[in-house]
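Peer 1: I am attaching a structure below and will ask some questions about it afterwards.
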Amino acid sequence: MGVVIKGTGSYLPEIILTNRDFEMMVDTSDEWITTRTGIKERRIAPRGMASSDLGVEAAKRACEDAGISPEDIEFIICATISPDKFFPSTACLIQSKLGLRDIPSFDFSAACSGFLYGLEIGKNFILNGEYRRGLVIASECMSRLTDYTDRSTCVLLGDGAGAVVIEKSDEEGIVGSYLSSDGSYEKLLHAPAGGSRLPASFDTVERRLHFMKMEGSALFKIAIQAMSNSVKKILEKYNLKKEDISLIVPHQANLRIIAGVARNLDIPIEKFYINIEKYGNMSAACVPVALDEAVKKGLVKKGDFLITVAFGGGLTWGANLIRWIK
Ligand code: UT7
C-alpha cells in the first residue's frame, strides 16, 4: 500500500509589494534586493485576512484538482508559523470554513520545512490504516511577523498558501522523507516574543520583539549545506542517482541559496523550480505553491521522480522523494 498526491492547489493574495515600493519604505534598492536575493515582488494579505483564509482557498483548489468534494476529506493538517491565533488551530478554522465536521484537524510548526514534515505526517496517518484521504496545507501570513523598518528582513517575506490532497493507493507516490532539526540554532531565526517565554507586554511591543529576527549570513551558509545534504541523503536512502530526478522543488529563501545547492550537487539549476522573483519567502508555503505551479505548467509527468527540499527556523531541514502518479 502507498500514498499518492491526488491534487494540488495554491492561493496568493492579490496585493503586490514590489522592490520599488521598498525603496520608499527603507534604505534599499531594487538592484540590491534583486542581486542579493532574486526577489522582485511578493504578495501581501490585506488587513483582516489571515492564514486560514489563504489556506482554505488553496485547499478548495487542491480538492477541485483531485476531483473530489471537501466532504471526502478525512483529516486536515496545516503547517504554519503565522496562525490566525495561538488557538484554535488554523487547521480547525479551515475545517469549519470547508463545512466539515468530525474529522481530526491540527497545526504543526516546522517553519519553512513545514510542508515537508506535513507530507510525512499525512502519509503515516494513511499508512496506519485509519484514514484514506487528507489535506496537507501550508499557509503563511509572514507579513504579520515582518518588521517593515528592518531592511535586512522585510524585503524577503511574503504571504501565500499551498495544499495537496493525499490519498491511499496501490502505488507509492510519497515514497519517503529525510527530516532533521537542530534546536541549538534557535536564535538564528526566531520571533522572540509573544510565546510563553516572553509574553506580549508594552515592553515587547515597544522593542519590536514580536517580529522575525534573523542572522542572515550565518543562515545562508547553513542553508546551502543542509539543503545539499538533504538531497544527497534522500538519493542515498532510496538508492537513486541524481539523473533519476526530473524536478527539484526547493524552498525559496534566496536565489543564491538555490544556486549554491545546485552547484554543490552538480545538478543543473534548470532542474530546480524557481518562482522566488514573484513571491519571496513564504516560509512553509513556498514548496507547495511551487509544486502546484510546476504541475499546472506541465513540468511534471506521470512516473517522474521529484524531490522537495527545504530549510528554515528551528533550525529544521529535509527532503521528500515523490513519484508523480496522477
Ligand atoms: O527561510 C529560511 C531562512 N532564511 C534564510 O535562509 C535566509 C538566508 N540569508 C540570506 O538570504 C542572505 O543572508 C540575506 C539576503 C538575508 C542577506 O544577504 P547577504 O549577502 O548575506 O548580505 P549581508 O547580510 O551580509 O549584508 C551585506 C550588506 C550589509 O551592509 P554592510 O554592513 O556591508 O554595510 C547590510 O546592512 O547589505 C546590507 N543590507 C542591505 N542593503 C540594502 C542588508 N539588507 C539590505 C537591504 N538593502 N534590504
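To be explicit about the labels: the chains of the C-alpha cells are called A, B, and onward in the order shown, and within each one the residues are counted from 1, while ligands get numbers from 1 in the order they are shown.
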Using only C-alpha atoms and all ligand atoms, determine which residues fall within 6 Å of ligand 1, then list them as a list in words.
Peer 2: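 Result of the 6 Å neighbour search around ligand 1: Thr28, Ser29, Trp32, Ile33, Arg36, Thr37, Cys112, Arg151, Ser152, Val155, Gly216, Ser217, Leu219, Phe220, Ala223, Ala253, Asn254, Ser283, Phe311 and Gly312 of chain A.
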Peer 1: So which residues of stretch 79-308 of chain A fall under alpha helix (DSSP H) by DSSP, listed as a VMD selection string?
Peer 2: chain A and resid 90 to 97 114 to 127 151 to 154 202 to 206 216 to 237 255 to 265 276 to 279 286 to 296
Peer 1: When you look at A:Ala319 with a cut-off of 6 Å (counting only C-alpha atoms), what residues show up, excluding the ones that are within fewer than 6 positions of it in the same chain? I need them as a ChimeraX atom specification.
Peer 2: /A:177-178,230,308-309
Peer 1: Can you write out the residues you just picked, keeping N, CA, C and O atoms, as a compact mmCIF listing (two decimals), in the first residue's frame?
Peer 2:
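Just written: out-v3.txt:
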# COMPACT_ATOMS: atom_id res chain seq x y z
N SER A 177 10.92 10.29 3.13
CA SER A 177 11.45 11.59 3.53
C SER A 177 12.73 11.44 4.33
O SER A 177 12.95 10.42 4.98
N TYR A 178 13.52 12.48 4.28
CA TYR A 178 14.61 12.65 5.23
C TYR A 178 14.31 13.97 5.94
O TYR A 178 14.19 15.02 5.28
N SER A 230 20.52 17.22 2.35
CA SER A 230 19.20 16.56 2.37
C SER A 230 18.95 15.85 1.05
O SER A 230 18.41 14.73 1.03
N THR A 308 11.44 17.41 -3.04
CA THR A 308 11.22 18.70 -2.40
C THR A 308 12.34 18.85 -1.38
O THR A 308 12.74 17.86 -0.74
N VAL A 309 12.83 20.08 -1.22
CA VAL A 309 13.91 20.28 -0.24
C VAL A 309 13.74 21.65 0.40
O VAL A 309 13.41 22.62 -0.28
Peer 1: Would you mind listing what lies within 9 Å of stretch 78-82 of chain A as a PDB file with all heavy atoms, in the first residue's frame, with only C-alpha atoms counted and same-chain residues fewer than 6 positions away left out?
Peer 2:
ATOM      1  N   ALA A  50      -6.352  36.344   7.162  1.00  0.00           N
ATOM      2  CA  ALA A  50      -5.381  35.590   7.968  1.00  0.00           C
ATOM      3  C   ALA A  50      -5.052  34.260   7.290  1.00  0.00           C
ATOM      4  O   ALA A  50      -5.621  33.924   6.243  1.00  0.00           O
ATOM      5  CB  ALA A  50      -5.927  35.372   9.374  1.00  0.00           C
ATOM      6  N   SER A  51      -4.154  33.503   7.906  1.00  0.00           N
ATOM      7  CA  SER A  51      -3.642  32.279   7.271  1.00  0.00           C
ATOM      8  C   SER A  51      -4.748  31.286   6.922  1.00  0.00           C
ATOM      9  O   SER A  51      -4.675  30.620   5.889  1.00  0.00           O
ATOM     10  CB  SER A  51      -2.587  31.623   8.172  1.00  0.00           C
ATOM     11  OG  SER A  51      -1.449  32.442   8.224  1.00  0.00           O
ATOM     12  N   GLY A  55      -5.371  29.553   3.388  1.00  0.00           N
ATOM     13  CA  GLY A  55      -5.287  28.087   3.393  1.00  0.00           C
ATOM     14  C   GLY A  55      -6.551  27.435   2.850  1.00  0.00           C
ATOM     15  O   GLY A  55      -6.473  26.437   2.117  1.00  0.00           O
ATOM     16  N   SER A  89      -6.490  25.995  16.302  1.00  0.00           N
ATOM     17  CA  SER A  89      -5.507  25.852  15.237  1.00  0.00           C
ATOM     18  C   SER A  89      -6.071  26.381  13.912  1.00  0.00           C
ATOM     19  O   SER A  89      -7.293  26.401  13.699  1.00  0.00           O
ATOM     20  CB  SER A  89      -5.116  24.381  15.072  1.00  0.00           C
ATOM     21  OG  SER A  89      -6.192  23.655  14.512  1.00  0.00           O
ATOM     22  N   THR A  90      -5.167  26.766  13.031  1.00  0.00           N
ATOM     23  CA  THR A  90      -5.553  27.212  11.687  1.00  0.00           C
ATOM     24  C   THR A  90      -6.274  26.075  10.955  1.00  0.00           C
ATOM     25  O   THR A  90      -7.228  26.306  10.219  1.00  0.00           O
ATOM     26  CB  THR A  90      -4.286  27.651  10.922  1.00  0.00           C
ATOM     27  OG1 THR A  90      -3.596  28.586  11.758  1.00  0.00           O
ATOM     28  CG2 THR A  90      -4.608  28.304   9.599  1.00  0.00           C
ATOM     29  N   ALA A  91      -5.818  24.852  11.184  1.00  0.00           N
ATOM     30  CA  ALA A  91      -6.455  23.687  10.541  1.00  0.00           C
ATOM     31  C   ALA A  91      -7.917  23.568  10.974  1.00  0.00           C
ATOM     32  O   ALA A  91      -8.791  23.255  10.156  1.00  0.00           O
ATOM     33  CB  ALA A  91      -5.684  22.412  10.883  1.00  0.00           C
ATOM     34  N   SER A 105      -8.184  17.641  12.933  1.00  0.00           N
ATOM     35  CA  SER A 105      -7.530  18.799  12.288  1.00  0.00           C
ATOM     36  C   SER A 105      -6.542  19.373  13.282  1.00  0.00           C
ATOM     37  O   SER A 105      -6.901  19.599  14.441  1.00  0.00           O
ATOM     38  CB  SER A 105      -8.544  19.892  11.951  1.00  0.00           C
ATOM     39  OG  SER A 105      -9.640  19.379  11.249  1.00  0.00           O
ATOM     40  N   PHE A 106      -5.323  19.605  12.840  1.00  0.00           N
ATOM     41  CA  PHE A 106      -4.358  20.230  13.738  1.00  0.00           C
ATOM     42  C   PHE A 106      -3.237  20.917  12.961  1.00  0.00           C
ATOM     43  O   PHE A 106      -2.990  20.600  11.799  1.00  0.00           O
ATOM     44  CB  PHE A 106      -3.753  19.211  14.721  1.00  0.00           C
ATOM     45  CG  PHE A 106      -2.959  18.101  14.069  1.00  0.00           C
ATOM     46  CD1 PHE A 106      -1.586  18.212  13.902  1.00  0.00           C
ATOM     47  CD2 PHE A 106      -3.581  16.946  13.633  1.00  0.00           C
ATOM     48  CE1 PHE A 106      -0.836  17.193  13.308  1.00  0.00           C
ATOM     49  CE2 PHE A 106      -2.845  15.924  13.028  1.00  0.00           C
ATOM     50  CZ  PHE A 106      -1.479  16.046  12.868  1.00  0.00           C
ATOM     51  N   ASP A 107      -2.590  21.860  13.627  1.00  0.00           N
ATOM     52  CA  ASP A 107      -1.422  22.547  13.060  1.00  0.00           C
ATOM     53  C   ASP A 107      -0.147  21.896  13.579  1.00  0.00           C
ATOM     54  O   ASP A 107      -0.149  21.268  14.643  1.00  0.00           O
ATOM     55  CB  ASP A 107      -1.354  24.012  13.525  1.00  0.00           C
ATOM     56  CG  ASP A 107      -2.423  24.887  12.919  1.00  0.00           C
ATOM     57  OD1 ASP A 107      -3.208  24.392  12.087  1.00  0.00           O
ATOM     58  OD2 ASP A 107      -2.467  26.076  13.298  1.00  0.00           O
ATOM     59  N   PHE A 108       0.928  22.125  12.877  1.00  0.00           N
ATOM     60  CA  PHE A 108       2.242  21.761  13.399  1.00  0.00           C
ATOM     61  C   PHE A 108       3.222  22.814  12.898  1.00  0.00           C
ATOM     62  O   PHE A 108       2.953  23.533  11.934  1.00  0.00           O
ATOM     63  CB  PHE A 108       2.660  20.351  12.962  1.00  0.00           C
ATOM     64  CG  PHE A 108       2.593  20.169  11.482  1.00  0.00           C
ATOM     65  CD1 PHE A 108       3.719  20.352  10.700  1.00  0.00           C
ATOM     66  CD2 PHE A 108       1.397  19.857  10.874  1.00  0.00           C
ATOM     67  CE1 PHE A 108       3.648  20.221   9.328  1.00  0.00           C
ATOM     68  CE2 PHE A 108       1.318  19.740   9.495  1.00  0.00           C
ATOM     69  CZ  PHE A 108       2.439  19.914   8.734  1.00  0.00           C
ATOM     70  N   SER A 109       4.363  22.912  13.585  1.00  0.00           N
ATOM     71  CA  SER A 109       5.279  24.002  13.305  1.00  0.00           C
ATOM     72  C   SER A 109       6.665  23.459  12.993  1.00  0.00           C
ATOM     73  O   SER A 109       7.296  22.839  13.843  1.00  0.00           O
ATOM     74  CB  SER A 109       5.340  24.907  14.543  1.00  0.00           C
ATOM     75  OG  SER A 109       6.460  25.730  14.485  1.00  0.00           O
ATOM     76  N   ALA A 110       7.092  23.624  11.762  1.00  0.00           N
ATOM     77  CA  ALA A 110       8.483  23.311  11.406  1.00  0.00           C
ATOM     78  C   ALA A 110       9.002  24.418  10.495  1.00  0.00           C
ATOM     79  O   ALA A 110       9.857  24.182   9.644  1.00  0.00           O
ATOM     80  CB  ALA A 110       8.579  21.940  10.749  1.00  0.00           C
ATOM     81  N   ALA A 111       8.421  25.620  10.662  1.00  0.00           N
ATOM     82  CA  ALA A 111       8.826  26.810   9.899  1.00  0.00           C
ATOM     83  C   ALA A 111       8.856  26.493   8.394  1.00  0.00           C
ATOM     84  O   ALA A 111       7.935  25.868   7.886  1.00  0.00           O
ATOM     85  CB  ALA A 111      10.129  27.355  10.433  1.00  0.00           C
ATOM     86  N   CYS A 112       9.935  26.901   7.720  1.00  0.00           N
ATOM     87  CA  CYS A 112       9.970  26.773   6.253  1.00  0.00           C
ATOM     88  C   CYS A 112       9.957  25.318   5.780  1.00  0.00           C
ATOM     89  O   CYS A 112       9.615  25.035   4.635  1.00  0.00           O
ATOM     90  CB  CYS A 112      11.201  27.466   5.695  1.00  0.00           C
ATOM     91  SG  CYS A 112      11.333  29.159   6.247  1.00  0.00           S
ATOM     92  N   SER A 113      10.330  24.382   6.655  1.00  0.00           N
ATOM     93  CA  SER A 113      10.315  22.964   6.278  1.00  0.00           C
ATOM     94  C   SER A 113       8.947  22.323   6.555  1.00  0.00           C
ATOM     95  O   SER A 113       8.788  21.107   6.383  1.00  0.00           O
ATOM     96  CB  SER A 113      11.385  22.191   7.065  1.00  0.00           C
ATOM     97  OG  SER A 113      12.599  22.884   7.088  1.00  0.00           O
ATOM     98  N   GLY A 114       7.984  23.103   6.993  1.00  0.00           N
ATOM     99  CA  GLY A 114       6.709  22.569   7.479  1.00  0.00           C
ATOM    100  C   GLY A 114       5.995  21.648   6.508  1.00  0.00           C
ATOM    101  O   GLY A 114       5.504  20.583   6.886  1.00  0.00           O
ATOM    102  N   PHE A 115       5.928  22.044   5.241  1.00  0.00           N
ATOM    103  CA  PHE A 115       5.179  21.218   4.287  1.00  0.00           C
ATOM    104  C   PHE A 115       5.831  19.843   4.125  1.00  0.00           C
ATOM    105  O   PHE A 115       5.144  18.825   3.974  1.00  0.00           O
ATOM    106  CB  PHE A 115       5.086  21.926   2.933  1.00  0.00           C
ATOM    107  CG  PHE A 115       4.319  21.150   1.915  1.00  0.00           C
ATOM    108  CD1 PHE A 115       2.940  21.054   1.981  1.00  0.00           C
ATOM    109  CD2 PHE A 115       4.977  20.478   0.885  1.00  0.00           C
ATOM    110  CE1 PHE A 115       2.224  20.306   1.048  1.00  0.00           C
ATOM    111  CE2 PHE A 115       4.277  19.733  -0.050  1.00  0.00           C
ATOM    112  CZ  PHE A 115       2.893  19.651   0.032  1.00  0.00           C
ATOM    113  N   TYR A 117       7.537  18.191   6.424  1.00  0.00           N
ATOM    114  CA  TYR A 117       7.139  17.416   7.601  1.00  0.00           C
ATOM    115  C   TYR A 117       5.688  16.945   7.422  1.00  0.00           C
ATOM    116  O   TYR A 117       5.346  15.814   7.769  1.00  0.00           O
ATOM    117  CB  TYR A 117       7.248  18.284   8.863  1.00  0.00           C
ATOM    118  CG  TYR A 117       8.613  18.323   9.514  1.00  0.00           C
ATOM    119  CD1 TYR A 117       9.727  18.833   8.852  1.00  0.00           C
ATOM    120  CD2 TYR A 117       8.787  17.869  10.816  1.00  0.00           C
ATOM    121  CE1 TYR A 117      10.970  18.889   9.466  1.00  0.00           C
ATOM    122  CE2 TYR A 117      10.030  17.915  11.437  1.00  0.00           C
ATOM    123  CZ  TYR A 117      11.121  18.418  10.759  1.00  0.00           C
ATOM    124  OH  TYR A 117      12.349  18.469  11.374  1.00  0.00           O
ATOM    125  N   GLY A 118       4.848  17.823   6.886  1.00  0.00           N
ATOM    126  CA  GLY A 118       3.418  17.511   6.728  1.00  0.00           C
ATOM    127  C   GLY A 118       3.168  16.335   5.809  1.00  0.00           C
ATOM    128  O   GLY A 118       2.304  15.498   6.074  1.00  0.00           O
ATOM    129  N   LEU A 135      -5.969  16.364   3.714  1.00  0.00           N
ATOM    130  CA  LEU A 135      -5.394  17.604   3.171  1.00  0.00           C
ATOM    131  C   LEU A 135      -4.129  17.956   3.950  1.00  0.00           C
ATOM    132  O   LEU A 135      -4.165  18.012   5.186  1.00  0.00           O
ATOM    133  CB  LEU A 135      -6.374  18.751   3.359  1.00  0.00           C
ATOM    134  CG  LEU A 135      -7.383  19.051   2.262  1.00  0.00           C
ATOM    135  CD1 LEU A 135      -8.453  20.017   2.774  1.00  0.00           C
ATOM    136  CD2 LEU A 135      -6.709  19.625   1.013  1.00  0.00           C
ATOM    137  N   VAL A 136      -3.044  18.185   3.242  1.00  0.00           N
ATOM    138  CA  VAL A 136      -1.831  18.745   3.854  1.00  0.00           C
ATOM    139  C   VAL A 136      -1.716  20.173   3.318  1.00  0.00           C
ATOM    140  O   VAL A 136      -1.590  20.378   2.105  1.00  0.00           O
ATOM    141  CB  VAL A 136      -0.574  17.937   3.482  1.00  0.00           C
ATOM    142  CG1 VAL A 136       0.656  18.555   4.140  1.00  0.00           C
ATOM    143  CG2 VAL A 136      -0.726  16.475   3.879  1.00  0.00           C
ATOM    144  N   ILE A 137      -1.781  21.122   4.233  1.00  0.00           N
ATOM    145  CA  ILE A 137      -1.819  22.545   3.843  1.00  0.00           C
ATOM    146  C   ILE A 137      -0.618  23.243   4.467  1.00  0.00           C
ATOM    147  O   ILE A 137      -0.185  22.889   5.569  1.00  0.00           O
ATOM    148  CB  ILE A 137      -3.121  23.203   4.367  1.00  0.00           C
ATOM    149  CG1 ILE A 137      -4.354  22.443   3.850  1.00  0.00           C
ATOM    150  CG2 ILE A 137      -3.206  24.669   3.968  1.00  0.00           C
ATOM    151  CD1 ILE A 137      -5.664  22.842   4.523  1.00  0.00           C
ATOM    152  N   ALA A 138      -0.084  24.226   3.760  1.00  0.00           N
ATOM    153  CA  ALA A 138       0.905  25.130   4.375  1.00  0.00           C
ATOM    154  C   ALA A 138       0.425  26.537   4.070  1.00  0.00           C
ATOM    155  O   ALA A 138       0.244  26.886   2.898  1.00  0.00           O
ATOM    156  CB  ALA A 138       2.292  24.900   3.798  1.00  0.00           C
ATOM    157  N   SER A 139       0.166  27.300   5.112  1.00  0.00           N
ATOM    158  CA  SER A 139      -0.386  28.635   4.893  1.00  0.00           C
ATOM    159  C   SER A 139       0.322  29.642   5.784  1.00  0.00           C
ATOM    160  O   SER A 139       0.456  29.419   6.985  1.00  0.00           O
ATOM    161  CB  SER A 139      -1.888  28.619   5.193  1.00  0.00           C
ATOM    162  OG  SER A 139      -2.438  29.854   4.814  1.00  0.00           O
ATOM    163  N   GLU A 140       0.768  30.727   5.185  1.00  0.00           N
ATOM    164  CA  GLU A 140       1.559  31.700   5.950  1.00  0.00           C
ATOM    165  C   GLU A 140       1.193  33.143   5.612  1.00  0.00           C
ATOM    166  O   GLU A 140       1.101  33.502   4.432  1.00  0.00           O
ATOM    167  CB  GLU A 140       3.062  31.521   5.645  1.00  0.00           C
ATOM    168  CG  GLU A 140       3.630  30.154   5.956  1.00  0.00           C
ATOM    169  CD  GLU A 140       3.967  29.921   7.432  1.00  0.00           C
ATOM    170  OE1 GLU A 140       3.425  30.618   8.307  1.00  0.00           O
ATOM    171  OE2 GLU A 140       4.790  29.017   7.678  1.00  0.00           O
ATOM    172  N   CYS A 141       1.006  33.930   6.642  1.00  0.00           N
ATOM    173  CA  CYS A 141       0.934  35.394   6.503  1.00  0.00           C
ATOM    174  C   CYS A 141       2.198  35.943   7.146  1.00  0.00           C
ATOM    175  O   CYS A 141       2.166  36.470   8.267  1.00  0.00           O
ATOM    176  CB  CYS A 141      -0.303  35.946   7.201  1.00  0.00           C
ATOM    177  SG  CYS A 141      -1.804  35.743   6.255  1.00  0.00           S
ATOM    178  N   MET A 142       3.322  35.785   6.442  1.00  0.00           N
ATOM    179  CA  MET A 142       4.605  36.209   7.013  1.00  0.00           C
ATOM    180  C   MET A 142       4.678  37.723   7.196  1.00  0.00           C
ATOM    181  O   MET A 142       5.455  38.225   8.004  1.00  0.00           O
ATOM    182  CB  MET A 142       5.760  35.710   6.138  1.00  0.00           C
ATOM    183  CG  MET A 142       5.933  34.201   6.157  1.00  0.00           C
ATOM    184  SD  MET A 142       6.071  33.531   7.820  1.00  0.00           S
ATOM    185  CE  MET A 142       7.683  34.138   8.310  1.00  0.00           C
ATOM    186  N   ARG A 144       2.747  39.448   8.727  1.00  0.00           N
ATOM    187  CA  ARG A 144       2.346  39.788  10.098  1.00  0.00           C
ATOM    188  C   ARG A 144       3.505  39.633  11.091  1.00  0.00           C
ATOM    189  O   ARG A 144       3.420  40.095  12.224  1.00  0.00           O
ATOM    190  CB  ARG A 144       1.185  38.905  10.571  1.00  0.00           C
ATOM    191  CG  ARG A 144      -0.062  38.861   9.692  1.00  0.00           C
ATOM    192  CD  ARG A 144      -0.431  40.147   8.998  1.00  0.00           C
ATOM    193  NE  ARG A 144      -1.773  40.063   8.446  1.00  0.00           N
ATOM    194  CZ  ARG A 144      -2.119  40.468   7.221  1.00  0.00           C
ATOM    195  NH1 ARG A 144      -1.234  41.015   6.413  1.00  0.00           N
ATOM    196  NH2 ARG A 144      -3.363  40.367   6.813  1.00  0.00           N
ATOM    197  N   LEU A 145       4.552  38.938  10.659  1.00  0.00           N
ATOM    198  CA  LEU A 145       5.733  38.764  11.519  1.00  0.00           C
ATOM    199  C   LEU A 145       6.883  39.643  11.038  1.00  0.00           C
ATOM    200  O   LEU A 145       8.022  39.493  11.492  1.00  0.00           O
ATOM    201  CB  LEU A 145       6.220  37.301  11.465  1.00  0.00           C
ATOM    202  CG  LEU A 145       5.311  36.210  11.991  1.00  0.00           C
ATOM    203  CD1 LEU A 145       5.972  34.851  11.822  1.00  0.00           C
ATOM    204  CD2 LEU A 145       5.027  36.440  13.458  1.00  0.00           C
ATOM    205  N   ALA A 163      -1.584  23.680  -0.946  1.00  0.00           N
ATOM    206  CA  ALA A 163      -2.210  22.497  -0.337  1.00  0.00           C
ATOM    207  C   ALA A 163      -2.132  21.324  -1.292  1.00  0.00           C
ATOM    208  O   ALA A 163      -2.059  21.516  -2.510  1.00  0.00           O
ATOM    209  CB  ALA A 163      -3.673  22.795  -0.012  1.00  0.00           C
ATOM    210  N   SER A 283       7.800  31.143   3.774  1.00  0.00           N
ATOM    211  CA  SER A 283       8.009  30.088   4.774  1.00  0.00           C
ATOM    212  C   SER A 283       7.456  28.754   4.257  1.00  0.00           C
ATOM    213  O   SER A 283       7.727  28.385   3.113  1.00  0.00           O
ATOM    214  CB  SER A 283       7.384  30.535   6.100  1.00  0.00           C
ATOM    215  OG  SER A 283       7.573  29.574   7.106  1.00  0.00           O
ATOM    216  N   ALA A 284       6.661  28.056   5.060  1.00  0.00           N
ATOM    217  CA  ALA A 284       6.207  26.702   4.682  1.00  0.00           C
ATOM    218  C   ALA A 284       5.441  26.660   3.364  1.00  0.00           C
ATOM    219  O   ALA A 284       5.370  25.607   2.712  1.00  0.00           O
ATOM    220  CB  ALA A 284       5.344  26.127   5.797  1.00  0.00           C
ATOM    221  N   ALA A 285       4.851  27.789   2.958  1.00  0.00           N
ATOM    222  CA  ALA A 285       4.012  27.780   1.752  1.00  0.00           C
ATOM    223  C   ALA A 285       4.831  27.722   0.462  1.00  0.00           C
ATOM    224  O   ALA A 285       4.281  27.395  -0.600  1.00  0.00           O
ATOM    225  CB  ALA A 285       3.097  29.000   1.751  1.00  0.00           C
TER     226      ALA A 285
END
Peer 1: Need the shell around A:Lys302: protein/DNA/RNA residues with any atom at most 7 Å away, counting only C-alpha atoms. Skip same-chain ones fewer than 3 positions apart. Format as a PyMOL selection string?
Peer 2: chain A and resi 324-326
Peer 1: Would you save the residues from that selection as a compact mmCIF listing (two decimals), in the first residue's frame, using N, CA and C atoms?
Peer 2:
# COMPACT_ATOMS: atom_id res chain seq x y z
N TRP A 324 5.50 10.93 -9.16
CA TRP A 324 4.27 11.57 -9.60
C TRP A 324 3.34 10.54 -10.23
N ILE A 325 2.22 10.27 -9.55
CA ILE A 325 1.26 9.27 -10.03
C ILE A 325 -0.06 10.00 -10.17
N LYS A 326 -0.38 10.47 -11.36
CA LYS A 326 -1.63 11.22 -11.47
C LYS A 326 -2.08 11.24 -12.92
Peer 1: With only C-alpha atoms as the basis for distance, which of A:Gly9, A:Gly160, A:Pro250, A:Gly314 is at the shortest distance from A:Leu188?
Peer 2: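 Closest residue, counting only C-alpha atoms: A:Gly314.
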Peer 1: Quick one: everything within 9 Å of A:Ser180, counting only C-alpha atoms, minus sequence neighbours fewer than 4 positions away in the same chain. Send it as a PyMOL selection string.
Peer 2: chain A and resi 230+315-318
Peer 1: Next, dump the selected residues to file, keeping only N, CA and C atoms, as a tab-separated table (two decimals), in the first residue's frame.
Peer 2:
chain	number	residue	atom	x	y	z
A	230	SER	N	20.52	17.22	2.35
A	230	SER	CA	19.20	16.56	2.37
A	230	SER	C	18.95	15.85	1.05
A	315	LEU	N	16.59	25.18	14.03
A	315	LEU	CA	16.52	25.01	12.59
A	315	LEU	C	15.91	23.65	12.22
A	316	THR	N	15.24	23.63	11.08
A	316	THR	CA	14.70	22.39	10.54
A	316	THR	C	15.13	22.29	9.08
A	317	TRP	N	15.22	21.09	8.57
A	317	TRP	CA	15.51	20.92	7.15
A	317	TRP	C	15.13	19.51	6.72
A	318	GLY	N	15.18	19.28	5.42
A	318	GLY	CA	14.87	17.93	4.95
A	318	GLY	C	14.48	17.90	3.49
Peer 1: Find the residues near stretch 62-71 of chain A: any atom within 7 Å, counting only C-alpha atoms, skip ones fewer than 6 places away on the same chain, and give them as a PyMOL selection string.
Peer 2: chain A and resi 6-9+98+100+163-165
Peer 1: Can you work out which one of A:Thr18, A:Arg61, A:Val3, A:Gly38 has the shortest atom-to-atom distance to A:Ala161, counting only C-alpha atoms?
Peer 2: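 Of A:Thr18, A:Arg61, A:Val3, A:Gly38, the one nearest A:Ala161, counting only C-alpha atoms, is A:Arg61.
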